[in-house]
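Okay, model_17.csv now, which holds CSV, C-alpha atoms:
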```csv
chain,number,residue,atom,x,y,z
A,1,MET,CA,28.8,100.9,29.8
A,2,GLY,CA,29.7,104.5,30.8
A,3,ALA,CA,31.5,107.0,28.6
A,4,ASP,CA,34.7,106.7,30.7
A,5,VAL,CA,34.9,103.0,29.9
A,6,ARG,CA,34.4,103.6,26.2
A,7,GLN,CA,37.0,106.4,26.2
A,8,SER,CA,39.3,104.0,28.0
A,9,ASP,CA,38.7,101.4,25.3
A,10,ALA,CA,39.3,104.0,22.6
A,11,GLN,CA,42.6,105.1,24.2
A,12,ARG,CA,43.8,101.5,24.7
A,13,TYR,CA,42.9,100.9,21.0
A,14,ILE,CA,45.0,103.9,19.9
A,15,ASP,CA,47.9,103.0,22.2
A,16,LEU,CA,48.0,99.5,20.8
A,17,LEU,CA,47.6,100.7,17.2
A,18,ARG,CA,50.6,103.0,17.7
A,19,SER,CA,52.6,100.1,19.3
A,20,ALA,CA,51.7,97.7,16.5
A,21,LEU,CA,53.0,100.1,13.9
A,22,GLN,CA,56.1,101.2,15.8
A,23,THR,CA,57.2,97.7,16.7
A,24,GLY,CA,56.5,96.2,13.3
A,25,ARG,CA,53.7,93.9,14.4
A,26,GLY,CA,51.6,95.5,11.7
A,27,HIS,CA,52.1,98.0,8.9
A,28,VAL,CA,50.1,100.5,6.7
A,29,ALA,CA,50.8,101.1,3.0
A,30,SER,CA,50.2,104.1,0.7
A,31,LEU,CA,46.8,104.2,-0.9
A,32,HIS,CA,48.3,102.4,-3.9
A,33,GLY,CA,49.9,99.6,-1.8
A,34,TYR,CA,53.4,100.9,-1.7
A,35,CYS,CA,55.9,102.0,0.9
A,36,PRO,CA,54.5,105.2,2.5
A,37,HIS,CA,56.2,108.4,3.5
A,38,HIS,CA,57.2,108.1,7.2
A,39,ALA,CA,57.7,104.3,6.5
A,40,SER,CA,59.7,103.6,9.7
A,41,ALA,CA,57.0,104.9,11.9
A,42,LEU,CA,54.3,103.0,10.0
A,43,GLY,CA,55.6,99.4,10.3
A,44,TRP,CA,58.3,99.3,7.6
A,45,ARG,CA,62.0,98.5,8.2
A,46,GLU,CA,65.1,99.1,6.1
A,47,GLU,CA,66.7,95.8,5.1
A,48,GLN,CA,69.7,95.2,2.9
A,49,GLY,CA,68.7,93.3,-0.2
A,50,ARG,CA,70.7,90.8,-2.2
A,51,ASP,CA,71.8,93.7,-4.5
A,52,GLY,CA,73.5,95.3,-1.5
A,53,ASN,CA,71.1,98.2,-1.4
A,54,PHE,CA,68.7,99.0,1.4
A,55,HIS,CA,65.0,98.6,0.8
A,56,ALA,CA,62.0,99.3,3.0
A,57,ARG,CA,60.1,96.1,3.8
A,58,PRO,CA,56.7,95.9,5.5
A,59,GLN,CA,56.6,94.1,8.9
A,60,GLY,CA,53.6,92.1,10.2
A,61,ASP,CA,50.1,92.2,8.8
A,62,ARG,CA,48.8,95.1,6.7
A,63,ILE,CA,46.2,96.8,8.9
A,64,GLY,CA,45.6,99.9,6.8
A,65,TRP,CA,46.6,102.6,4.4
A,66,VAL,CA,47.8,106.2,4.7
A,67,ASP,CA,48.0,109.4,2.6
A,68,ASP,CA,49.5,112.7,3.6
A,69,THR,CA,47.0,113.6,6.2
A,70,HIS,CA,44.9,110.5,7.1
A,71,LEU,CA,45.4,107.0,8.5
A,72,TYR,CA,42.8,104.6,7.1
A,73,VAL,CA,42.5,101.5,9.3
A,74,ASP,CA,40.9,98.2,8.2
A,75,PRO,CA,38.6,97.7,11.3
A,76,LYS,CA,38.7,93.9,11.3
A,77,ALA,CA,42.4,93.4,10.5
A,78,ALA,CA,43.5,96.0,13.0
A,79,LEU,CA,41.2,94.8,15.8
A,80,ALA,CA,42.4,91.2,15.4
A,81,LEU,CA,46.0,92.3,15.8
A,82,ILE,CA,45.2,94.7,18.6
A,83,LYS,CA,43.2,92.0,20.5
A,84,LYS,CA,46.1,89.6,20.2
A,85,MET,CA,48.6,92.3,21.4
A,86,SER,CA,46.3,93.2,24.4
A,87,ASN,CA,46.0,89.5,25.3
A,88,ASP,CA,49.8,89.1,25.1
A,89,VAL,CA,50.3,91.9,27.7
A,90,GLY,CA,47.4,90.5,30.0
A,91,ASN,CA,45.1,93.5,29.4
A,92,TYR,CA,42.6,92.0,26.9
A,93,LEU,CA,40.5,94.4,24.8
A,94,GLY,CA,37.3,92.4,24.5
A,95,SER,CA,35.1,94.9,22.7
A,96,SER,CA,33.6,94.2,19.3
A,97,ASP,CA,34.6,96.2,16.2
A,98,ARG,CA,31.3,98.0,16.4
A,99,ALA,CA,31.8,98.9,20.1
A,100,ILE,CA,35.3,100.0,19.4
A,101,SER,CA,34.4,102.2,16.5
A,102,LYS,CA,31.6,103.8,18.5
A,103,ALA,CA,34.0,104.4,21.4
A,104,LEU,CA,36.6,106.0,19.0
A,105,LYS,CA,33.9,108.3,17.5
A,106,GLU,CA,32.6,109.3,20.9
A,107,ALA,CA,36.1,110.0,22.1
A,108,GLY,CA,36.8,112.3,19.1
A,109,TRP,CA,39.4,110.1,17.5
A,110,LEU,CA,37.7,109.6,14.1
A,111,ALA,CA,38.4,112.3,11.5
A,112,LYS,CA,35.8,111.4,9.0
A,113,THR,CA,32.7,109.1,9.1
A,114,GLU,CA,29.7,108.6,6.9
A,115,GLU,CA,26.3,109.5,8.0
A,116,LYS,CA,25.0,107.0,10.6
A,117,ARG,CA,28.2,105.0,10.4
A,118,ASN,CA,31.5,105.1,12.2
A,119,THR,CA,33.4,104.2,9.1
A,120,PHE,CA,34.4,106.1,6.0
A,121,LYS,CA,34.7,104.8,2.4
A,122,VAL,CA,38.0,105.3,0.6
A,123,THR,CA,39.7,103.7,-2.4
A,124,CYS,CA,42.8,101.7,-1.3
A,125,GLU,CA,44.7,99.7,-3.9
A,126,SER,CA,41.8,100.1,-6.4
A,127,VAL,CA,39.2,98.7,-4.0
A,128,ARG,CA,36.5,100.8,-2.3
A,129,ARG,CA,36.7,100.0,1.4
A,130,SER,CA,35.0,100.9,4.7
A,131,VAL,CA,37.7,102.0,7.1
A,132,LEU,CA,38.2,103.9,10.3
A,133,CYS,CA,39.6,107.3,9.3
A,134,PHE,CA,42.0,109.1,11.7
A,135,ASP,CA,44.0,112.3,11.4
A,136,LEU,CA,47.5,111.0,10.9
A,137,GLY,CA,49.2,113.7,13.0
A,138,LYS,CA,46.9,113.0,15.9
A,139,VAL,CA,47.5,109.3,16.0
A,140,MET,CA,51.2,109.3,15.1
A,141,GLU,CA,53.9,111.7,16.1
A,142,LEU,CA,55.8,111.9,12.9
A,143,VAL,CA,59.0,113.7,12.0
A,144,ASP,CA,59.6,114.4,8.3
A,145,GLU,CA,62.2,111.8,7.3
A,146,HIS,CA,63.3,113.7,4.2
A,147,GLN,CA,63.9,117.2,5.7
A,148,PRO,CA,66.8,117.9,8.2
A,149,VAL,CA,65.7,119.2,11.6
A,150,ALA,CA,67.0,122.8,12.0
A,151,GLU,CA,69.5,123.0,14.8
A,152,ASN,CA,69.5,126.8,15.1
A,153,GLN,CA,66.3,128.6,15.5
A,154,PRO,CA,66.2,132.2,14.0
A,155,ASN,CA,66.5,133.7,17.5
A,156,ASP,CA,69.5,131.5,18.4
A,157,LEU,CA,71.8,132.8,15.6
A,158,PRO,CA,75.2,133.8,16.9
A,159,PHE,CA,75.2,137.3,15.2
```

Go ahead and render the structure in this file as structure tokens.
Amino acid sequence: MGADVRQSDAQRYIDLLRSALQTGRGHVASLHGYCPHHASALGWREEQGRDGNFHARPQGDRIGWVDDTHLYVDPKAALALIKKMSNDVGNYLGSSDRAISKALKEAGWLAKTEEKRNTFKVTCESVRRSVLCFDLGKVMELVDEHQPVAENQPNDLPF
């Protein structure tokens, strides 16, 4: 298998991962298992509860965790969802989790790995896990949900 095919598999994986989170087919939680910052981009939706207040609810299967700078993906859970999604669109991603992690590493997508492995160990919900570690900002284009976007740039001020 040539490098261009592995790169293609890596890009397809990333595209399907983004789609899974953005469409709510899967979600990621904070490292403690709660609703993360940027929840709407990471598979959570606002729903009105019985109390009349709106609450963020996870959508689909949990496929990973997130902190301020990294996205930690459970290799098996994410690949199962991604393969199902790729099959649904008629473009089946048939690679094994080992082949996908190797392709992701070779394509420069993985932010952290352990020596001689394509995974990284991190504690998520009090359990030490081997995950695929990505730079959050590289995989997801996130806008800070809690800070207003400035409409006027300093050079655009009317005075």

Gap from CA of Arg98 in chain A to CA of Met140 in chain A - Å, one decimal: 22.9 Å

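Excluding Lys138 in chain A itself and same-chain residues fewer than 6 positions from it, the residues having an atom within 12 Å of it are Ile14, Asp15, Arg18, Thr69, His70, Leu71, Gly108, Trp109, Leu110 and Ala111 of chain A, counting all atoms listed in the file.
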
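Ranking A:Val139, A:Gln11, A:Ala56, A:Glu106 by their shortest atom-to-atom distance to His37 in chain A, with only C-alpha atoms included, puts A:Ala56 first.
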
Using only C-alpha atoms, the best pick from A:Asn53, A:Gln48, A:Asn118, A:Gln59 as closest to Cys35 in chain A would be A:Gln59

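Our summary of the geometry notes that CA of Arg57 in chain A is positioned 25.6 Å from CA of Ser130 in chain A.
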
Contacts of Val66 in chain A at 10 Å (only C-alpha atoms; same-chain gap of 2+ positions) as a ChimeraX atom specification: /A:28-33,35-38,42,64,68-73,124,133-136

Write to file, as a compact mmCIF listing (two decimals), keeping the file's coordinate frame, the residues of the selection just made, with C-alpha atoms.
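Okay, out-v5.txt is ready:
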```
# COMPACT_ATOMS: atom_id res chain seq x y z
CA VAL A 28 50.10 100.50 6.70
CA ALA A 29 50.80 101.10 3.00
CA SER A 30 50.20 104.10 0.70
CA LEU A 31 46.80 104.20 -0.90
CA HIS A 32 48.30 102.40 -3.90
CA GLY A 33 49.90 99.60 -1.80
CA CYS A 35 55.90 102.00 0.90
CA PRO A 36 54.50 105.20 2.50
CA HIS A 37 56.20 108.40 3.50
CA HIS A 38 57.20 108.10 7.20
CA LEU A 42 54.30 103.00 10.00
CA GLY A 64 45.60 99.90 6.80
CA ASP A 68 49.50 112.70 3.60
CA THR A 69 47.00 113.60 6.20
CA HIS A 70 44.90 110.50 7.10
CA LEU A 71 45.40 107.00 8.50
CA TYR A 72 42.80 104.60 7.10
CA VAL A 73 42.50 101.50 9.30
CA CYS A 124 42.80 101.70 -1.30
CA CYS A 133 39.60 107.30 9.30
CA PHE A 134 42.00 109.10 11.70
CA ASP A 135 44.00 112.30 11.40
CA LEU A 136 47.50 111.00 10.90
```

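Using all atoms listed in the file, the smallest distance between any of A:Ala41, A:Ala99, A:Leu104, A:Ala10 and Thr23 in chain A comes from A:Ala41.
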
Extract, using all atoms listed in the file, all DNA, RNA and protein residues at most 10 Å from range 87-93 of chain A, discarding same-chain residues fewer than 3 positions from it, and format them as a list in words. Asp9, Ala10, Arg12, Tyr13, Leu16, Leu79, Leu81, Ile82, Lys83, Lys84, Ser96 and Ile100 of chain A

Lys116 in chain A surroundings by only C-alpha atoms, 12 Å radius, close-in-sequence under 4 positions cut, as a ChimeraX atom specification: /A:102,105,112,120

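When only C-alpha atoms are used to compute distances to Ser19 in chain A, the closest of the residues A:Thr123, A:Ser101, A:Thr113, A:Ser86 turns out to be A:Ser86.
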
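Distance-wise, CA of Ser126 in chain A and CA of Pro75 in chain A end up 18.1 Å apart.
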
Would you compute the box with edges along x, y and z of the file around range 27-37 of chain A, including every atom the file lists for it and 3 Å extra on each side, and give its centre and edge lengths in Å to one decimal, as AutoDock Vina command-line options?
```
--center_x 51.5 --center_y 103.2 --center_z 2.5 --size_x 15.4 --size_y 16.4 --size_z 18.8
```

Would you please work out which residue, of A:Arg128, A:Asp67, A:Phe54, A:Met85, is nearest to Gly24 in chain A when using only C-alpha atoms? A:Met85
